[in-house]
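Novice: There's a structure below that I have some questions on.
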Amino acid sequence: MQSIQQPSCVSCGSRTQSIIDALVTTELSTVSDAKRCGTYSKGDVLYTEGQFASALHCIHAGHVRVSRYGPDGKELTLRFVGPGDVLGYAALISGQPYTTHAVAVESASICAIPREHVSRIVRDNPTFALRLMEMISQELEDAERSIMRLAQKSVKERVAEALLVLHETFGTKNDGETINIAFTRDDLSTIVGTAPESVIRALGDFKREQLITTDGQNIAIRNQSGLAKAANLGDF
């Protein structure tokens with residue numbers, strides 16, 4: 001991480017998309033003075049499993065992958081977060097170590113609000129506290145849905161759904177079809193929760209069915225509705 005000049009929370013463009021928008025003027029001022037901001041390059045680690053949370057991470061630009069390792073040592077991607085999202089709130093509130101790790105998947109601008117300031121705001125600002133509770137509840141619900149997906153969907157369905165999620169999360173290049181971030185087959189396997197070989201076979205099927213095309217690590221979705229059907233998502 002490379003430290004950068006700390007922008008004001010009041011003028012931050014991503015604040016209106018974030019839980020930080022629940023802060024009152026005096027809290028915004030205090031947070032602006034206390035936070036630490038920096039730029040992360042692709043592959044830079046925000047935090048790792050087992051660490052204790054010392055700050056709330058607020059994403060201003062770029063995307064971060066949140067993952068965890070299973071008992072077999074294999075990595076599973078849980079979700080991607082981007083501008084306006086915050087990270088580390090569950091561990092921060094519980095006082096327990098992180099159960100996940102977070103890594104930048106592209107250049108990202110991220111600010112960290114020290115734990116003591118977040119704790120004070122939670123005590124003094126009911127709106128902020130409620131928003132945090134809602135986010136923790138939503139995270140648990142998303143985790144339950146992910147477990148059901150892994151249990152009930154085939155590998156091919158999961159690969160198709162993962163491509164659609166990446167398309168929605170990162171957008172496309174100028175051609176309107178190529179996902180605006182490159183992922184290795186190993187990366188995709190951590191998202192889908194399967195072996196890289198299975199991902200490669202599924203991608204090969206989708207290419208033969210003219211749903212996608214590939215160019216190295218770049219993937220273009222040529223037929224979104226067809227890929228949605230392959231993901232068993234119905235009409236798209």
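Labeling convention for the structure tokens: chains A, B, ... as they appear, residues from 1 per chain, ligands from 1 in order of appearance.
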Would you list the contacts of segment 138-150 of chain A as a list in words, taking every protein, DNA or RNA residue within 10 Å and counting only C-alpha atoms, but skipping same-chain residues closer than 2 positions in sequence?

Specialist: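 My reading of the contact set: Leu78, Arg79, Ala90, Leu132, Met133, Glu134, Met135, Ile136, Gln152, Lys153, Ser154, Val155, Glu157, Arg158, Glu161, Val192, Gly193 and Thr194 of chain A.
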
Novice: What lies within 8 Å of Ala231 of chain A using only C-alpha atoms, ignoring chain neighbours under 2 positions off, as an MDAnalysis selection string?

Specialist: chainID A and resid 156:161 227:229 233

Novice: Can you write out the residues you just picked, keeping C-alpha atoms, as a PDB file, in the first residue's frame?

Specialist:
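Generated file (selection_39.pdb):
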ATOM      1  CA  LYS A 156     -21.164 -25.666 -15.423  1.00  0.00           C
ATOM      2  CA  GLU A 157     -24.046 -23.705 -13.891  1.00  0.00           C
ATOM      3  CA  ARG A 158     -21.738 -22.173 -11.288  1.00  0.00           C
ATOM      4  CA  VAL A 159     -19.173 -21.122 -13.911  1.00  0.00           C
ATOM      5  CA  ALA A 160     -21.903 -19.461 -15.992  1.00  0.00           C
ATOM      6  CA  GLU A 161     -23.235 -17.613 -12.947  1.00  0.00           C
ATOM      7  CA  LEU A 227     -25.381 -17.771 -20.359  1.00  0.00           C
ATOM      8  CA  ALA A 228     -28.138 -16.976 -17.818  1.00  0.00           C
ATOM      9  CA  LYS A 229     -30.013 -20.083 -18.975  1.00  0.00           C
ATOM     10  CA  LEU A 233     -31.195 -18.309 -13.800  1.00  0.00           C
TER      11      LEU A 233
END

Novice: Can you list, as a VMD selection string, all residues belonging to segment 93-164 of chain A that DSSP tags as strand (DSSP E)?

Specialist: chain A and resid 101 to 104 108 to 114

Novice: Interatomic distance between atom CA of Arg201 of chain A and atom CA of Leu166 of chain A?

Specialist: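 Separation between atom CA of Arg201 of chain A and atom CA of Leu166 of chain A: 18.7 Å.
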
Novice: As a ChimeraX atom specification, please: every residue in segment 33-225 of chain A that DSSP puts in helix (DSSP H, G or I).

Specialist: /A:33-34,89-94,115-124,126-152,155-170,185-192,196-208,224-225

Novice: Would you mind listing what lies within 12 Å of Arg120 of chain A as a ChimeraX atom specification, with only C-alpha atoms counted and same-chain residues fewer than 3 positions away left out?

Specialist: /A:23,27,30-31,93,113-117,123-126,128-129

Novice: To one decimal place, how far is atom CA of Pro71 of chain A from atom CA of Val103 of chain A in Å?

Specialist: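 A separation of 20.1 Å between them.
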
Novice: Find the residues near segment 221-225 of chain A: any atom within 9 Å, counting only C-alpha atoms, skip ones fewer than 4 places away on the same chain, and give them as a list in words.

Specialist: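 Near segment 221-225 of chain A, the qualifying residues are Leu163, Leu164, His167, Gly176, Glu177, Thr178, Ile179, Gln210, Leu211, Ile212, Thr213, Thr214, Lys229, Ala230, Gly234, Asp235 and Phe236 of chain A.
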
Novice: Output N, CA, C and O atoms of each residue in that selection to a file, as a PDB file, in the first residue's frame.

Specialist:
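Contents of the output file again.pdb:
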ATOM      1  N   LEU A 163     -19.442 -15.920 -14.283  1.00  0.00           N
ATOM      2  CA  LEU A 163     -19.134 -14.998 -15.378  1.00  0.00           C
ATOM      3  C   LEU A 163     -20.119 -13.830 -15.402  1.00  0.00           C
ATOM      4  O   LEU A 163     -19.728 -12.684 -15.635  1.00  0.00           O
ATOM      5  N   LEU A 164     -21.380 -14.115 -15.144  1.00  0.00           N
ATOM      6  CA  LEU A 164     -22.383 -13.046 -15.120  1.00  0.00           C
ATOM      7  C   LEU A 164     -22.151 -12.097 -13.943  1.00  0.00           C
ATOM      8  O   LEU A 164     -22.325 -10.885 -14.066  1.00  0.00           O
ATOM      9  N   HIS A 167     -19.258  -9.913 -14.848  1.00  0.00           N
ATOM     10  CA  HIS A 167     -19.727  -8.934 -15.845  1.00  0.00           C
ATOM     11  C   HIS A 167     -20.459  -7.784 -15.157  1.00  0.00           C
ATOM     12  O   HIS A 167     -20.234  -6.601 -15.464  1.00  0.00           O
ATOM     13  N   GLY A 176     -18.200  -3.544 -25.127  1.00  0.00           N
ATOM     14  CA  GLY A 176     -19.469  -3.832 -24.485  1.00  0.00           C
ATOM     15  C   GLY A 176     -19.686  -5.295 -24.145  1.00  0.00           C
ATOM     16  O   GLY A 176     -20.742  -5.659 -23.623  1.00  0.00           O
ATOM     17  N   GLU A 177     -18.673  -6.150 -24.374  1.00  0.00           N
ATOM     18  CA  GLU A 177     -18.836  -7.582 -24.129  1.00  0.00           C
ATOM     19  C   GLU A 177     -17.721  -8.188 -23.287  1.00  0.00           C
ATOM     20  O   GLU A 177     -17.964  -9.107 -22.504  1.00  0.00           O
ATOM     21  N   THR A 178     -16.495  -7.684 -23.461  1.00  0.00           N
ATOM     22  CA  THR A 178     -15.349  -8.236 -22.735  1.00  0.00           C
ATOM     23  C   THR A 178     -15.342  -7.745 -21.297  1.00  0.00           C
ATOM     24  O   THR A 178     -15.354  -6.537 -21.042  1.00  0.00           O
ATOM     25  N   ILE A 179     -15.340  -8.674 -20.341  1.00  0.00           N
ATOM     26  CA  ILE A 179     -15.338  -8.312 -18.921  1.00  0.00           C
ATOM     27  C   ILE A 179     -14.110  -7.461 -18.621  1.00  0.00           C
ATOM     28  O   ILE A 179     -12.995  -7.778 -19.046  1.00  0.00           O
ATOM     29  N   GLN A 210     -21.147 -20.838 -28.379  1.00  0.00           N
ATOM     30  CA  GLN A 210     -21.105 -19.429 -28.805  1.00  0.00           C
ATOM     31  C   GLN A 210     -21.708 -18.468 -27.767  1.00  0.00           C
ATOM     32  O   GLN A 210     -22.266 -17.440 -28.122  1.00  0.00           O
ATOM     33  N   LEU A 211     -21.556 -18.837 -26.510  1.00  0.00           N
ATOM     34  CA  LEU A 211     -22.000 -17.954 -25.431  1.00  0.00           C
ATOM     35  C   LEU A 211     -20.908 -16.974 -25.033  1.00  0.00           C
ATOM     36  O   LEU A 211     -21.197 -15.855 -24.602  1.00  0.00           O
ATOM     37  N   ILE A 212     -19.648 -17.404 -25.180  1.00  0.00           N
ATOM     38  CA  ILE A 212     -18.502 -16.561 -24.832  1.00  0.00           C
ATOM     39  C   ILE A 212     -17.401 -16.751 -25.867  1.00  0.00           C
ATOM     40  O   ILE A 212     -17.423 -17.708 -26.654  1.00  0.00           O
ATOM     41  N   THR A 213     -16.445 -15.824 -25.844  1.00  0.00           N
ATOM     42  CA  THR A 213     -15.174 -16.016 -26.527  1.00  0.00           C
ATOM     43  C   THR A 213     -14.080 -15.656 -25.537  1.00  0.00           C
ATOM     44  O   THR A 213     -14.311 -14.900 -24.582  1.00  0.00           O
ATOM     45  N   THR A 214     -12.881 -16.199 -25.737  1.00  0.00           N
ATOM     46  CA  THR A 214     -11.770 -15.907 -24.837  1.00  0.00           C
ATOM     47  C   THR A 214     -10.556 -15.470 -25.636  1.00  0.00           C
ATOM     48  O   THR A 214     -10.358 -15.887 -26.783  1.00  0.00           O
ATOM     49  N   LYS A 229     -29.321 -18.788 -18.928  1.00  0.00           N
ATOM     50  CA  LYS A 229     -30.013 -20.083 -18.975  1.00  0.00           C
ATOM     51  C   LYS A 229     -29.068 -21.204 -18.599  1.00  0.00           C
ATOM     52  O   LYS A 229     -29.462 -22.157 -17.903  1.00  0.00           O
ATOM     53  N   ALA A 230     -27.807 -21.099 -19.053  1.00  0.00           N
ATOM     54  CA  ALA A 230     -26.807 -22.105 -18.670  1.00  0.00           C
ATOM     55  C   ALA A 230     -26.548 -22.092 -17.160  1.00  0.00           C
ATOM     56  O   ALA A 230     -26.214 -23.114 -16.579  1.00  0.00           O
ATOM     57  N   GLY A 234     -32.891 -18.636 -15.509  1.00  0.00           N
ATOM     58  CA  GLY A 234     -34.108 -18.279 -16.224  1.00  0.00           C
ATOM     59  C   GLY A 234     -33.863 -17.142 -17.187  1.00  0.00           C
ATOM     60  O   GLY A 234     -32.752 -16.953 -17.699  1.00  0.00           O
ATOM     61  N   ASP A 235     -34.885 -16.321 -17.420  1.00  0.00           N
ATOM     62  CA  ASP A 235     -34.761 -15.185 -18.338  1.00  0.00           C
ATOM     63  C   ASP A 235     -33.828 -14.161 -17.744  1.00  0.00           C
ATOM     64  O   ASP A 235     -33.836 -13.897 -16.540  1.00  0.00           O
ATOM     65  N   PHE A 236     -33.050 -13.503 -18.604  1.00  0.00           N
ATOM     66  CA  PHE A 236     -32.063 -12.523 -18.153  1.00  0.00           C
ATOM     67  C   PHE A 236     -32.264 -11.225 -18.927  1.00  0.00           C
ATOM     68  O   PHE A 236     -32.371 -11.265 -20.122  1.00  0.00           O
TER      69      PHE A 236
END

Novice: Could you jot down the atom CA of Val64 of chain A to atom CA of Ile181 of chain A separation for me, Å, one decimal place?

Specialist: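 Computing it gives 12.2 Å between the two atoms.
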
Novice: Measuring atom to atom with only C-alpha atoms, identify which of A:Thr127, A:Ser189, A:Asn180, A:Thr39 is nearest to Ala202 of chain A.

Specialist: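 Distance minimum relative to Ala202 of chain A lands on A:Ser189.
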
Novice: Taking only C-alpha atoms into account, name the residue in A:Val66, A:Met1, A:Cys12, A:Leu130 that is nearest to Thr48 of chain A.

Specialist: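 Residue with the minimum atom-to-atom distance to Thr48 of chain A: A:Val66.
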
Novice: Do a neighbour search on Pro97 of chain A at 9 Å with only C-alpha atoms, toss out local chain neighbours closer than 4 positions, and write the hits as a list in words.

Specialist: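 Once the adjacent positions are removed, what remains is Glu49, Gly50, Gln51, Phe52, Ala53, Ala91 and Leu92 of chain A.
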
Novice: Limited to C-alpha atoms, could you put the picked residues into a file as a compact mmCIF listing (two decimals), in the first residue's frame?

Specialist:
# COMPACT_ATOMS: atom_id res chain seq x y z
CA GLU A 49 -7.54 -14.59 8.37
CA GLY A 50 -6.59 -14.69 12.04
CA GLN A 51 -5.70 -11.02 12.33
CA PHE A 52 -7.64 -8.84 14.73
CA ALA A 53 -9.47 -5.93 13.14
CA ALA A 91 -14.72 -8.68 13.08
CA LEU A 92 -14.47 -5.08 14.23
